[in-house]
Amino acid sequence: MEDNLTQPLDDLTVVKTVSLTNALEKQIERLIVEGELAPGERLNEIQLASRFGTSRGPLREATRSLEAKGFVEVIRNRGVFVRQLSVAEALEVYDVRAALFGLAGRLLAQKMNDELLAKLNRQLDAMEAAAAKSDFDTYYPLNLEFHRTIVESAGNKTLFAEYLRFVKKMHLFRAKSLVQGGGLAVSNREHREMVDALASGDVERAHASCWRHVERAKARLLAALEAAQIQPAEGVSPDAAKSASPV
């Protein structure tokens, strides 16, 4: 967590139409999604209240909302902790994401244009440069943005909202930090296959390539878990599992 815990976030000081509780909820969710608050970490109310320049009451309301959304869990007599996604739950999320991402590919293949194709190719080139350096910290956010571009550009708002919900949920599963076996380069080759399929306008090919990409990522995760001798029924600590990028 940042050392400067006394500086309130700008959007909390200017918020007008959104309640303080909702604003706090969004900020804590952001800290979880971005990894500043890690799975299994206890939320320190005093530090968070000081950081956001608020009392502990609205924070408790915000954490109750986050509990309902599955981002945190309240353990009696211990406090509030960032939820950890189990391996079994993560695999279920992969299955649903594969279906959603495949549908996004099908829809997008029907509306591809030169401008979007150029944007996707720029993203591919940036990821390829990061993969060549095995620079996961650079690659990962680029990877997230690439997938977001595909799903958002498909033009189905319900699909986009549901996809983002599952992507956020995967941030509760910390098995992405160590990449083995050329995972970045392999993943980006699959990205190029997807873009080629989307550019072809063939909806069946686009659907298959997008669905297959998530399924392959799931297979890489399973292989990594097997290598680490972790069973699907077990939970995963931040450093225990080794896998390719989860998106």
# chains A, B, ... in the order shown; residues from 1 in each chain; ligands from 1
>>> residues_around(residues="stretch 188-192 of chain A", least_positions_apart="4", cutoff="10 Å", atoms="only C-alpha atoms", output="list in words")
Leu120, Asn121, Gln123, Leu124, Asp125, Met127, Glu128, Ala131, Tyr139, Asn143, Phe146, His147, Gly183, Leu184, Asp196, Ala197, Leu198, Ser209, Cys210, Arg212, His213, Val214, Arg216 and Ala217 of chain A
>>> residues_around(residues="stretch 33-48 of chain A", least_positions_apart="4", cutoff="6 Å", atoms="only C-alpha atoms", output="PyMOL selection string")
chain A and resi 1+80-84+171-172
>>> write_last_selection(atoms="N, CA, C and O atoms", output="compact mmCIF listing (two decimals), in the first residue's frame")
# COMPACT_ATOMS: atom_id res chain seq x y z
N MET A 1 0.84 -1.18 0.00
CA MET A 1 0.00 0.00 0.00
C MET A 1 0.88 1.24 0.00
O MET A 1 1.98 1.23 0.53
N VAL A 80 -12.02 -7.77 7.82
CA VAL A 80 -12.42 -7.86 6.42
C VAL A 80 -11.17 -8.17 5.59
O VAL A 80 -10.15 -7.50 5.72
N PHE A 81 -11.28 -9.17 4.72
CA PHE A 81 -10.15 -9.60 3.91
C PHE A 81 -10.53 -9.61 2.43
O PHE A 81 -11.68 -9.90 2.08
N VAL A 82 -9.56 -9.30 1.58
CA VAL A 82 -9.77 -9.44 0.13
C VAL A 82 -9.99 -10.92 -0.15
O VAL A 82 -9.23 -11.78 0.31
N ARG A 83 -11.03 -11.22 -0.89
CA ARG A 83 -11.37 -12.61 -1.16
C ARG A 83 -10.34 -13.26 -2.06
O ARG A 83 -9.79 -12.62 -2.96
N GLN A 84 -10.08 -14.53 -1.81
CA GLN A 84 -9.20 -15.31 -2.67
C GLN A 84 -10.04 -16.28 -3.50
O GLN A 84 -10.82 -17.06 -2.93
N HIS A 171 -9.02 -11.21 -10.90
CA HIS A 171 -7.97 -10.53 -10.15
C HIS A 171 -7.92 -11.01 -8.70
O HIS A 171 -6.97 -10.71 -7.98
N LEU A 172 -8.92 -11.77 -8.29
CA LEU A 172 -8.91 -12.36 -6.96
C LEU A 172 -8.14 -13.68 -6.96
O LEU A 172 -8.00 -14.32 -5.92
>>> closest_atom_pairs(of="stretch 115-218 of chain A", to="stretch 52-76 of chain A", cutoff="12 Å", atoms="only C-alpha atoms", output="Markdown table")
| residue | atom | partner | partner_atom | distance |
| --- | --- | --- | --- | --- |
| A:Arg165 | CA | A:Lys69 | CA | 9.8 |
| A:Phe166 | CA | A:Gly70 | CA | 11.2 |
| A:Lys168 | CA | A:Phe71 | CA | 9.0 |
| A:Lys169 | CA | A:Phe71 | CA | 7.6 |
| A:Met170 | CA | A:Phe71 | CA | 10.4 |
| A:His171 | CA | A:Phe71 | CA | 9.4 |
| A:Leu172 | CA | A:Phe71 | CA | 7.5 |
| A:Phe173 | CA | A:Phe71 | CA | 11.0 |
>>> write_last_selection(atoms="all heavy atoms", output="CSV table (one decimal), in the first residue's frame")
chain,number,residue,atom,x,y,z
A,165,ARG,N,-17.0,-8.0,-15.6
A,165,ARG,CA,-17.3,-8.5,-14.3
A,165,ARG,C,-16.4,-9.8,-14.0
A,165,ARG,O,-15.8,-9.9,-13.0
A,165,ARG,CB,-18.7,-8.9,-14.1
A,165,ARG,CG,-19.2,-9.3,-12.7
A,165,ARG,CD,-20.7,-9.2,-12.6
A,165,ARG,NE,-21.3,-10.2,-13.4
A,165,ARG,CZ,-21.6,-11.5,-12.9
A,165,ARG,NH1,-21.2,-11.8,-11.7
A,165,ARG,NH2,-22.2,-12.3,-13.7
A,166,PHE,N,-16.3,-10.6,-15.0
A,166,PHE,CA,-15.5,-11.9,-14.8
A,166,PHE,C,-14.0,-11.6,-14.9
A,166,PHE,O,-13.3,-12.2,-14.2
A,166,PHE,CB,-15.9,-12.9,-15.9
A,166,PHE,CG,-17.2,-13.6,-15.6
A,166,PHE,CD1,-18.4,-13.3,-16.3
A,166,PHE,CD2,-17.3,-14.5,-14.6
A,166,PHE,CE1,-19.6,-13.9,-16.1
A,166,PHE,CE2,-18.5,-15.2,-14.3
A,166,PHE,CZ,-19.6,-14.8,-15.0
A,168,LYS,N,-12.7,-8.9,-13.7
A,168,LYS,CA,-12.4,-8.3,-12.4
A,168,LYS,C,-12.3,-9.5,-11.4
A,168,LYS,O,-11.5,-9.5,-10.5
A,168,LYS,CB,-13.5,-7.4,-11.9
A,168,LYS,CG,-13.4,-6.0,-12.6
A,168,LYS,CD,-14.5,-5.1,-12.2
A,168,LYS,CE,-14.5,-3.7,-12.8
A,168,LYS,NZ,-15.6,-2.8,-12.4
A,169,LYS,N,-13.2,-10.5,-11.5
A,169,LYS,CA,-13.2,-11.6,-10.6
A,169,LYS,C,-11.9,-12.3,-10.6
A,169,LYS,O,-11.4,-12.8,-9.6
A,169,LYS,CB,-14.4,-12.5,-10.9
A,169,LYS,CG,-14.7,-13.5,-9.8
A,169,LYS,CD,-16.0,-14.2,-10.0
A,169,LYS,CE,-16.4,-15.1,-8.8
A,169,LYS,NZ,-17.7,-15.8,-9.0
A,170,MET,N,-11.3,-12.4,-11.8
A,170,MET,CA,-10.0,-13.2,-12.0
A,170,MET,C,-8.9,-12.5,-11.2
A,170,MET,O,-7.9,-13.1,-10.9
A,170,MET,CB,-9.7,-13.3,-13.4
A,170,MET,CG,-10.4,-14.5,-14.1
A,170,MET,SD,-10.2,-16.1,-13.3
A,170,MET,CE,-8.5,-16.3,-13.5
A,171,HIS,N,-9.0,-11.2,-10.9
A,171,HIS,CA,-8.0,-10.5,-10.1
A,171,HIS,C,-7.9,-11.0,-8.7
A,171,HIS,O,-7.0,-10.7,-8.0
A,171,HIS,CB,-8.2,-9.0,-10.2
A,171,HIS,CG,-7.8,-8.4,-11.5
A,171,HIS,ND1,-8.6,-8.3,-12.6
A,171,HIS,CD2,-6.6,-7.8,-11.9
A,171,HIS,CE1,-8.0,-7.8,-13.6
A,171,HIS,NE2,-6.8,-7.5,-13.2
A,172,LEU,N,-8.9,-11.8,-8.3
A,172,LEU,CA,-8.9,-12.4,-7.0
A,172,LEU,C,-8.1,-13.7,-7.0
A,172,LEU,O,-8.0,-14.3,-5.9
A,172,LEU,CB,-10.3,-12.6,-6.5
A,172,LEU,CG,-11.2,-11.4,-6.4
A,172,LEU,CD1,-12.7,-11.8,-6.1
A,172,LEU,CD2,-10.7,-10.4,-5.4
A,173,PHE,N,-7.6,-14.1,-8.1
A,173,PHE,CA,-6.9,-15.3,-8.3
A,173,PHE,C,-5.5,-14.9,-8.6
A,173,PHE,O,-5.2,-14.6,-9.8
A,173,PHE,CB,-7.5,-16.2,-9.3
A,173,PHE,CG,-6.8,-17.5,-9.5
A,173,PHE,CD1,-6.9,-18.5,-8.5
A,173,PHE,CD2,-6.1,-17.8,-10.7
A,173,PHE,CE1,-6.3,-19.7,-8.7
A,173,PHE,CE2,-5.4,-19.0,-10.8
A,173,PHE,CZ,-5.5,-20.0,-9.9
>>> atom_distance(atom1="atom CA of A:Ala88", atom2="atom CA of A:Glu29")
22.6 Å
